[in-house]
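K.L.:
Next up is a structure, given as structure tokens.
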Amino acid sequence: MKIGNFIIDVTPPAGNAIAFGINEKTEIPIFIRGLIIDDGKTRIVLAACDFINILGKAYGQMRKVIANAAGTGVRNVFLHSLHQHDSVRIALELNEVYRQCTGRELTPLDYYNKMNDELKQAVSQAVENLRTVKNLATAERRISGLASNRRLVGADGKVYAMRFAMCTDPKLQNEPTGLIDPLLRSIGFIGPDNKPLAIMHFYASHPQTAYLRNRCSSDVPGFALDYAAKHCGDDAFQIYFTGCGGNVTFGKYYQGEASLKRFGERLGRELVENCNHLELKRPGKITVKHALFELPLKAEMNEKDLLDQLSKTEKANEKINLIRRLVISRNWEKWKKVSISRISIGEDVNIMSLPDEAVVEYQLYAQSLIPEKFLACAAYADTADGSYIPTAAMYNEGGYEPGGSTMTTAEVEPRMRAAIDQVLTDLR
């Protein structure tokens with residue numbers, strides 16, 4: 001087995017659009033990090049982008065750039081966003097909308113093309129410098145004081161409040177942590193000198209402590225990775241993936257402006273602990289399994305209704321949101337099928353790649369199917385519709401995720417679960 005790693009700086013220049021505003025000042029640079037893994041027969045690429053998401057045709061184009069440069073198939077490229085909110089939204093289909101409503105593009109083509117050129121070069125260089133892996137290793141560590149479920153459900157079975165990332169209400173912060181996956185999972189690739197060459201980390205929570213500030217930032221993951229690099233040594237390449245944290249935030253523990261440094265150091269220390277407590281696993285062949293399923297579209301996501309609402313709307317932000325939905329509706333036939341994938345590296349290390357902004361219940365469900373095996377989950381892969389994947393029960397409970405923030409119906413849960421079953425069935 002051999003691996004190669006790559007990293008490119010994709011921090012937008014001042015004046016460029018970011019997900020919810022304009023980049024007036026860069027707080028923490030944003031990157032695309034990736035790892036190429038080759039067992040001699042199969043070559044895969046796992047890439048983590050400091051973007052809020054990647055929509056539509058850009059997702060396919062970026063995977064092709066990586067696949068061609070890595071010398072592998074597109075289906076072996078797993079491209080994920082980390083979902084920081086003060087970062088970039090890659091959505092070529094929305095450029096014209098933003099130009100009309102704001103006077104600027106959401107994803108400037110010069111920025112996008114430069115990014116892909118640098119991505120191609122970085123991946124090609126990584127392929128030329130593959131390093132030998134002697135052993136695999138894993139670590140799992142329970143974390144407290146970070147993730148908390150943001151959906152607060154009352155005795156009547158309805159959501160009575162949302163504990164968002166920047167919660168400042170003491171009553172909401174004092175509510176129980178709720179359903180989370182408390183484990184930080186890490187996968188190490190150990191070189192011939194018995195030192196880590198690269199370490200991948202997986203944790204399920206919204207990653208931000210702040211947004212809407214017109215500052216580009218990789219937020220808590222960026223801070224934590226910098227911390228880990230300083231304390232684990234620069235020789236070990238560190239990469240982070242956000243798990244199924246659609247309904248999970250740091251909101252219970254939020255403490256204003258101090259939160260970034262506090263949470264970043266906290267997560268960074270936990271990354272270091274996992275780096276220092278890796279347990280060796282047997283390397284083996286790479287196995288990849290995919291399962292496609294179709295996202296069920298809400299009835300109100302139809303062109304006639306959306307155009308009618310648009311004709312009655314004056315506010316720029318509301319117009320942008322409606323036109324985004326219109327773009328999704330018009331492209332639904334191309335975008336409605338998404339994939340869940342399982343990557344196994346030998347018999348002891350398994351990774352699941354999931355689409356969109358899935359809630360933590362799906363991660364816990366997947367792990368419950370193979371409870372005695374190591375399974376790390378990375379979400380925010382194919383985010384064509386840029387929406388949440390709630391559970392069926394959430395549509396009755398109410399709250400943010402199943403409301404206007406998802407394009408799907410309750411039928412999404414059985415389809416999602418069936419796809420998870422399909423990719424894990426031979427491990428059970």
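Simple scheme: letters A, B, ... for chains in structure tokens order, numbers from 1 for residues in each chain, numbers from 1 for ligands in the order shown.
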What residues in region 24-232 of chain A get the DSSP label strand (DSSP E or B)? Please answer as an MDAnalysis selection string.
P.N.:
chainID A and resid 25:28 31:38 43:49 51:54 77:81 88:90 131:132 135:142 148:149 151:153 159:162 183:190 196:203 215:217
K.L.:
Find the residues around Pro108 (chain A) up to 12 Å (only C-alpha atoms counted), leave out those fewer than 4 positions away in its own chain, and share them as a PDB file with C-alpha atoms, in the first residue's frame.
P.N.:
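And here is the file that came out, part20.pdb:
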```
ATOM      1  CA  PRO A  12     -10.847  33.833  -1.818  1.00  0.00           C
ATOM      2  CA  PRO A  13      -9.352  37.297  -2.280  1.00  0.00           C
ATOM      3  CA  GLY A  15     -14.042  41.378  -2.294  1.00  0.00           C
ATOM      4  CA  ASN A  16     -15.015  37.888  -3.430  1.00  0.00           C
ATOM      5  CA  ALA A  17     -18.303  36.393  -2.324  1.00  0.00           C
ATOM      6  CA  ILE A  18     -18.412  33.882   0.509  1.00  0.00           C
ATOM      7  CA  VAL A  88     -17.149  29.563   0.027  1.00  0.00           C
ATOM      8  CA  ARG A  89     -20.204  28.063  -1.661  1.00  0.00           C
ATOM      9  CA  ILE A  90     -19.273  26.449  -4.983  1.00  0.00           C
ATOM     10  CA  ALA A  91     -22.381  26.740  -7.193  1.00  0.00           C
ATOM     11  CA  LEU A  92     -21.866  27.666 -10.826  1.00  0.00           C
ATOM     12  CA  GLU A  93     -25.595  27.504 -11.593  1.00  0.00           C
ATOM     13  CA  LEU A  94     -26.233  30.359  -9.169  1.00  0.00           C
ATOM     14  CA  ASN A  95     -23.723  32.804 -10.623  1.00  0.00           C
ATOM     15  CA  GLU A  96     -26.239  34.558 -12.846  1.00  0.00           C
ATOM     16  CA  TYR A  98     -26.194  36.495  -7.713  1.00  0.00           C
ATOM     17  CA  ARG A  99     -25.000  38.755 -10.505  1.00  0.00           C
ATOM     18  CA  GLY A 103     -23.887  42.654  -8.804  1.00  0.00           C
ATOM     19  CA  ARG A 104     -21.288  39.901  -8.294  1.00  0.00           C
ATOM     20  CA  TYR A 112     -13.011  28.431  -9.773  1.00  0.00           C
ATOM     21  CA  ASN A 113     -10.745  27.768 -12.767  1.00  0.00           C
ATOM     22  CA  LYS A 114      -7.597  28.704 -10.822  1.00  0.00           C
ATOM     23  CA  MET A 115      -8.670  26.327  -8.046  1.00  0.00           C
TER      24      MET A 115
END
```
K.L.:
For region 170-187 of chain A, work out the shell of residues within 7 Å, counting only C-alpha atoms and skipping chain neighbours fewer than 3 positions away, then give it as number ranges by chain.
P.N.:
A: 137-144, 147-149, 163, 199-204, 248, 252-253, 274, 360, 364, 376
K.L.:
Counting only C-alpha atoms, which residues of region 340-403 of chain A sit at most 10 Å from some atom of region 65-87 of chain A, and what is each one's closest atom pair with its distance in Å to one decimal, listed by chain and rising residue number, as JSON lines?
P.N.:
```
{"residue": "A:Ser341", "atom": "CA", "partner": "A:Phe78", "partner_atom": "CA", "distance": 8.7}
{"residue": "A:Ile343", "atom": "CA", "partner": "A:Asn76", "partner_atom": "CA", "distance": 9.2}
{"residue": "A:Met352", "atom": "CA", "partner": "A:Phe78", "partner_atom": "CA", "distance": 9.8}
{"residue": "A:Ser353", "atom": "CA", "partner": "A:Phe78", "partner_atom": "CA", "distance": 7.1}
{"residue": "A:Leu354", "atom": "CA", "partner": "A:His80", "partner_atom": "CA", "distance": 8.9}
{"residue": "A:Pro355", "atom": "CA", "partner": "A:His80", "partner_atom": "CA", "distance": 8.7}
{"residue": "A:Asp356", "atom": "CA", "partner": "A:Ser81", "partner_atom": "CA", "distance": 9.5}
{"residue": "A:Glu357", "atom": "CA", "partner": "A:His83", "partner_atom": "CA", "distance": 8.9}
{"residue": "A:Ala378", "atom": "CA", "partner": "A:His80", "partner_atom": "CA", "distance": 7.3}
{"residue": "A:Ala379", "atom": "CA", "partner": "A:His80", "partner_atom": "CA", "distance": 6.8}
{"residue": "A:Tyr380", "atom": "CA", "partner": "A:Ser81", "partner_atom": "CA", "distance": 5.4}
{"residue": "A:Ala381", "atom": "CA", "partner": "A:His80", "partner_atom": "CA", "distance": 4.4}
{"residue": "A:Asp382", "atom": "CA", "partner": "A:His80", "partner_atom": "CA", "distance": 7.6}
{"residue": "A:Thr383", "atom": "CA", "partner": "A:Ser81", "partner_atom": "CA", "distance": 8.9}
```
K.L.:
Which is closest to Asn276 (chain A) among A:Met162, A:Cys167, A:Ala228, A:Val412, if we use only C-alpha atoms?
P.N.:
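So, comparing all the options, the nearest one is A:Ala228.
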K.L.:
So which one's closest to Tyr254 (chain A), A:Gly145, A:Gly399, A:Gly60, A:Gly21? Using only C-alpha atoms, please.
P.N.:
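Nearest candidate to Tyr254 (chain A) out of A:Gly145, A:Gly399, A:Gly60, A:Gly21: A:Gly145.
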K.L.:
Could you tell me how far CA of Ile239 (chain A) sits from CA of Ala165 (chain A), in Å to one decimal place?
P.N.:
22.7 Å
K.L.:
Excluding Ala393 (chain A) and its own-chain neighbours fewer than 2 positions away, which residues fall within 12 Å of it when counting only C-alpha atoms? Please give them as a list in words.
P.N.:
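So, after excluding close chain neighbours, the residues are Val153, Gly157, Lys158, Val159, Val359, Glu361, Ile389, Pro390, Thr391, Tyr395, Asn396, Glu397, Gly398, Gly399, Glu401, Pro402, Thr409, Ala410, Glu411, Val412, Glu413 and Pro414 of chain A.
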K.L.:
Determine which residues of region 114-223 of chain A receive a DSSP assignment of helix (DSSP H, G or I), computed from the backbone, and state them as a list in words.
P.N.:
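Those residues are Lys114, Met115, Asn116, Asp117, Glu118, Leu119, Lys120, Gln121, Ala122, Val123, Ser124, Gln125, Ala126, Val127, Glu128, Pro170, Lys171, Leu172, Gln173, Asp219, Val220, Pro221, Gly222 and Phe223 of chain A.
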K.L.:
Near Gln238 (chain A), within 12 Å and counting only C-alpha atoms, which residues show up once chain neighbours fewer than 6 positions away are dropped, as a PyMOL selection string?
P.N.:
chain A and resi 5-7+32-35+47-48+186-189+196-202+221-232+268+271-272+274-275
K.L.:
I'd like to know which of A:Val45, A:Lys134, A:Ile22, A:Val97 is closest to Glu318 (chain A), using only C-alpha atoms.
P.N.:
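Among A:Val45, A:Lys134, A:Ile22, A:Val97, it is A:Val97 that comes nearest to Glu318 (chain A).
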K.L.:
From the list A:Cys216, A:Val327, A:Ile320, A:Met62, which residue is nearest Thr102 (chain A) when using only C-alpha atoms?
P.N.:
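Counting only C-alpha atoms, the residue closest to Thr102 (chain A) is A:Ile320.
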K.L.:
Just the residues within 10 Å of Val349 (chain A), please, counting only C-alpha atoms, with nothing from its chain fewer than 3 positions along; format it as number ranges by chain.
P.N.:
A: 136-138, 187, 281-284, 286, 343-346, 373-376
K.L.:
Could those residues be written to a file, using N, CA and C atoms, as a short mmCIF file (atom, residue, chain, number, x, y, z; two decimals), in the first residue's frame?
P.N.:
```cif
data_model
loop_
_atom_site.label_atom_id
_atom_site.label_comp_id
_atom_site.auth_asym_id
_atom_site.auth_seq_id
_atom_site.Cartn_x
_atom_site.Cartn_y
_atom_site.Cartn_z
N LEU A 136 -1.68 0.10 9.00
CA LEU A 136 -2.78 1.01 9.28
C LEU A 136 -2.93 1.12 10.79
N ALA A 137 -3.70 2.10 11.25
CA ALA A 137 -3.95 2.24 12.68
C ALA A 137 -5.23 3.04 12.86
N THR A 138 -5.93 2.80 13.95
CA THR A 138 -7.15 3.53 14.25
C THR A 138 -7.17 3.97 15.70
N ILE A 187 -7.91 7.61 11.59
CA ILE A 187 -7.27 6.53 10.83
C ILE A 187 -5.86 6.98 10.49
N LYS A 281 -3.49 -1.84 12.88
CA LYS A 281 -4.42 -2.74 12.20
C LYS A 281 -3.71 -3.32 10.98
N ARG A 282 -4.24 -4.45 10.55
CA ARG A 282 -3.62 -5.08 9.39
C ARG A 282 -3.99 -4.33 8.11
N PRO A 283 -3.00 -3.98 7.29
CA PRO A 283 -3.35 -3.41 5.98
C PRO A 283 -3.92 -4.50 5.08
N GLY A 284 -4.64 -4.10 4.08
CA GLY A 284 -5.22 -5.07 3.15
C GLY A 284 -5.73 -4.35 1.91
N ILE A 286 -8.13 -2.61 -0.91
CA ILE A 286 -9.19 -1.61 -0.88
C ILE A 286 -10.44 -2.17 -1.55
N ILE A 343 -16.03 2.52 1.86
CA ILE A 343 -14.65 2.20 1.49
C ILE A 343 -14.05 1.38 2.62
N SER A 344 -13.58 0.19 2.29
CA SER A 344 -12.89 -0.64 3.28
C SER A 344 -11.43 -0.75 2.89
N ILE A 345 -10.56 -0.56 3.86
CA ILE A 345 -9.12 -0.70 3.64
C ILE A 345 -8.68 -1.87 4.52
N GLY A 346 -8.54 -3.03 3.90
CA GLY A 346 -8.33 -4.23 4.69
C GLY A 346 -9.62 -4.64 5.39
N LYS A 373 -17.20 -3.34 14.42
CA LYS A 373 -16.22 -2.93 13.41
C LYS A 373 -16.02 -1.42 13.46
N PHE A 374 -14.86 -0.99 13.03
CA PHE A 374 -14.54 0.44 12.97
C PHE A 374 -15.19 1.04 11.73
N LEU A 375 -16.02 2.06 11.93
CA LEU A 375 -16.68 2.74 10.81
C LEU A 375 -16.65 4.25 11.06
N ALA A 376 -15.92 4.96 10.21
CA ALA A 376 -15.88 6.42 10.26
C ALA A 376 -16.79 6.97 9.17
#
```
